[in-house]
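Only one structure is covered here, and it is reproduced in the block below.
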Amino acid sequence: MKQVCERCNERRPALRRPKDRSAVCKECFFELFEAEVHDTIISSNLFKRGQKVAIGASGGKDSTVLAHVLTTLNQRHDYGLNLVLLSIDEGISGYRDDSLETVKRNGIQYNAPLRVFSYKDLYGWTMDEIVKEIGLKNNCTFCGVFRRQALDRGADMLDVDMIATGHNADDIAETVILNLLRGDVPRLGRCTSIITGEGEDLPRCKPFKYTYEKEIVMYAHFKKLDYFSTECIYSPNAYRGHAREYIKQLEAIDPSTILNIIKSAEQLEVSKKVERQQVKRRCERCGYLSSQALCKACVLLDGLEAGNAQDVARGKDRRGKKAVEGEDGGEGEGDVKEGEAKKEKKERKRQVKIAYEQE
């Protein structure tokens with residue numbers, strides 16, 4: 001018996017969807033993929049007509065498919081968006097320089113203006129120089145902090161209203177697991193947000209929040225999109241890799257695991273007693289958003305210049321005292337007095353203990 005697509009019951013199936021294992025033809029897969037992203041955009045009110053949106057473009061599969069799909073949906077459903085491509089050159093020889101060539105071709109293909117901002121111009125360092133200085137341990141801390149701020153700086157220069165990133169469902173599920181492993185309750189309560197930074201100068205959104213990574217790869221493959229597939233030469237040492245491997249093992253047993261993790265995290269309600277209260281202000285040096293006198297990027301740069309970058313990346317200054325919190329969003333202690341910092345840490349531990357006892 002000839003097998004046919006489970007959706008149209010006409011054409012031969014070209015793939016089995018990783019999300020639900022249904023056998024569908026290419027045409028139906030394209031329609032389903034694009035319709036699901038459109039539903040996510042509409043149901044979450046991600047965009048407003050007339051907005052200028054910067055797509056964080058790295059040349060990889062996620063950002064390339066995001067640029068293609070947003071361009072397609074913007075035309076099909078008349079979102080009324082002004083789309084531009086924003087790329088960051090971290091200064092990784094043999095990796096980023098090649099991927100940027102892909103981004104340039106994408107810009108021409110989608111008729112989207114492209115701007116590239118480099119670590120060297122913004123911070124005076126390339127990632128190659130940073131790795132040469134500190135080695136392969138904790139280098140992802142520097143790159144993550146610098147890249148996040150570089151996107152903000154670039155978007156600010158482009159005068160955009162929103163940044164759209166290619167974070168997919170797998171990425172978000174990994175982040176949930178990472179925050180569980182770290183015991184980071186405050187971030188666990190907000191890591192599944194589809195829009196971050198609402199009310200701030202430059203909010204970010206994730207149109208692929210519920211989109212599986214494997215389906216993004218399949219979409220790029222069947223559409224014959226031009227993307228760069230080489231992994232960063234420094235990323236194999238990243239702690240996130242352990243969470244990624246765990247997620248893949250769970251997905252092999254049950255594909256719904258990824259969405260189940262996200263849905264479960266969405267239902268979490270973090271107690272106000274343990275939720276980290278951060279008052280956003282401007283970094284005294286660079287002027288970008290920070291919860292302390294100096295933003296994390298400036299704290300890390302100080303460490304590079306002072307020759308104690310590894311200690312700062314681990315969260316310690318030269319005297320072994322706390323300097324930087326976390327890997328992806330915390331800030332340095334700045335001018336907080338040592339006694340106050342110890343008191344705050346002790347109180348936070350006490351509040352966490354009380355919250356868990358109440359549960």
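Here, A, B, ... name the chains of the structure tokens in the order displayed, residue numbers run from 1 inside each chain, and ligands are numbered from 1 in the same displayed order.
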
Check your understanding: Contacts of segment 32-39 of chain A at 7 Å or less, counting only C-alpha atoms, minus same-chain residues fewer than 4 places along, as a list in words?
Key ->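 Surrounding residues, per the criterion: Cys28, Ser43, Val69, Pro207 and Phe208 of chain A.
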
Practice item. Using DSSP on the backbone, list every residue of segment 131-243 of chain A that comes out as strand (DSSP E), and give them as number ranges by chain. Key: A: 162-164, 195-196, 204-205

Please produce a file of the residues just selected, as a CSV table (one decimal), in the first residue's frame, where the atoms kept are N, CA and C atoms.
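The result, written out as part_24.csv:
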```csv
chain,number,residue,atom,x,y,z
A,162,MET,N,12.7,46.4,18.4
A,162,MET,CA,12.7,45.1,19.0
A,162,MET,C,13.8,44.3,18.4
A,163,ILE,N,14.3,43.3,19.1
A,163,ILE,CA,15.3,42.4,18.6
A,163,ILE,C,14.7,41.0,18.6
A,164,ALA,N,14.7,40.3,17.5
A,164,ALA,CA,14.2,39.0,17.3
A,164,ALA,C,15.3,38.0,17.3
A,195,ILE,N,9.0,37.2,25.5
A,195,ILE,CA,9.5,38.5,25.4
A,195,ILE,C,10.2,38.9,26.7
A,196,THR,N,11.4,39.3,26.5
A,196,THR,CA,12.2,39.8,27.7
A,196,THR,C,12.5,41.3,27.5
A,204,ARG,N,13.4,42.0,23.7
A,204,ARG,CA,13.7,40.9,22.7
A,204,ARG,C,12.6,39.9,22.7
A,205,CYS,N,12.5,39.2,21.5
A,205,CYS,CA,11.4,38.2,21.4
A,205,CYS,C,12.0,36.9,20.8
```

Exercise for review: Run DSSP on the backbone and give me the residues of segment 125-336 of chain A it puts in helix (DSSP H, G or I), as a ChimeraX atom specification.
Suggested key: /A:127-134,139-158,169-182,185-188,213-223,235-237,240-253,257-266,296-306,309-313

Would you tabulate, counting only C-alpha atoms, all residues of segment 44-71 of chain A that have an atom at most 12 Å from an atom of segment 231-241 of chain A, showing the closest pair of atoms and their distance in Å to one decimal, sorted by chain then ascending number, as a Markdown table?
```
| residue | atom | partner | partner_atom | distance |
| --- | --- | --- | --- | --- |
| A:Ser58 | CA | A:Cys232 | CA | 11.2 |
| A:Gly59 | CA | A:Glu231 | CA | 11.3 |
| A:Gly60 | CA | A:Glu231 | CA | 9.0 |
| A:Lys61 | CA | A:Glu231 | CA | 11.0 |
```

Would you tabulate, counting only C-alpha atoms, all residues of segment 85-157 of chain A that have an atom at most 10 Å from an atom of segment 216-228 of chain A, showing the closest pair of atoms and their distance in Å to one decimal, sorted by chain then ascending number, as CSV?
```
residue,atom,partner,partner_atom,distance
A:Tyr95,CA,A:Phe228,CA,9.2
A:Arg96,CA,A:Phe228,CA,9.6
A:Asp98,CA,A:Phe228,CA,7.9
A:Ser99,CA,A:Phe228,CA,5.5
A:Leu100,CA,A:Phe228,CA,8.8
A:Glu101,CA,A:Phe228,CA,9.0
A:Thr102,CA,A:Tyr227,CA,6.1
A:Val103,CA,A:Tyr227,CA,7.9
A:Arg105,CA,A:Asp226,CA,8.0
A:Asn106,CA,A:Asp226,CA,7.3
A:Gln109,CA,A:Asp226,CA,9.6
```

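Within the 12 Å cut-off around Arg244 of chain A, using only C-alpha atoms and omitting residues fewer than 3 positions from it on the same chain, the listed residues are A:Ala169, A:Asp170, A:Asp171, A:Ile172, A:Ala173, A:Glu174, A:Thr175, A:Val176, A:Ile177, A:Leu178, A:Glu213, A:Pro236, A:Ala238, A:Tyr239, A:Arg240, A:Gly241, A:Ile247, A:Lys248, A:Gln249, A:Leu250, A:Glu251, A:Ile258.
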
Just C-alpha atoms for this one: save the residues we selected as a compact mmCIF listing (two decimals), in the first residue's frame.
```txt
# COMPACT_ATOMS: atom_id res chain seq x y z
CA ALA A 169 12.34 25.19 21.94
CA ASP A 170 15.44 23.05 22.52
CA ASP A 171 17.42 26.12 23.64
CA ILE A 172 14.73 27.13 26.12
CA ALA A 173 14.35 23.61 27.52
CA GLU A 174 18.13 23.49 27.99
CA THR A 175 18.02 26.79 29.86
CA VAL A 176 15.32 25.45 32.18
CA ILE A 177 17.50 22.42 32.98
CA LEU A 178 20.59 24.61 33.45
CA GLU A 213 15.55 22.47 16.48
CA PRO A 236 32.55 22.20 23.17
CA ALA A 238 30.51 25.04 27.49
CA TYR A 239 28.55 23.71 30.49
CA ARG A 240 25.36 24.01 28.42
CA GLY A 241 26.54 21.03 26.38
CA ILE A 247 17.60 16.91 26.42
CA LYS A 248 18.50 14.91 23.29
CA GLN A 249 18.37 11.66 25.25
CA LEU A 250 14.94 12.51 26.64
CA GLU A 251 13.69 13.56 23.19
CA ILE A 258 10.92 19.39 25.11
```

At a cut-off of 12 Å, can you tabulate as a Markdown table every residue of segment 149-221 of chain A near segment 128-144 of chain A together with its closest atom pair and the distance in Å to one decimal, using only C-alpha atoms and ordering rows by chain then number?
```
| residue | atom | partner | partner_atom | distance |
| --- | --- | --- | --- | --- |
| A:Gln149 | CA | A:Gly144 | CA | 8.7 |
| A:Ala150 | CA | A:Gly144 | CA | 9.8 |
| A:Leu151 | CA | A:Gly144 | CA | 10.7 |
```

Selection file, N, CA, C and O atoms, as a tab-separated table (two decimals), in the first residue's frame:
```
chain	number	residue	atom	x	y	z
A	149	GLN	N	25.38	42.36	25.20
A	149	GLN	CA	25.46	43.82	25.20
A	149	GLN	C	25.75	44.36	23.80
A	149	GLN	O	25.25	45.43	23.43
A	150	ALA	N	26.54	43.62	23.02
A	150	ALA	CA	26.85	44.07	21.66
A	150	ALA	C	25.58	44.14	20.82
A	150	ALA	O	25.42	45.06	20.01
A	151	LEU	N	24.67	43.16	20.99
A	151	LEU	CA	23.39	43.21	20.28
A	151	LEU	C	22.60	44.45	20.69
A	151	LEU	O	22.00	45.12	19.85
```
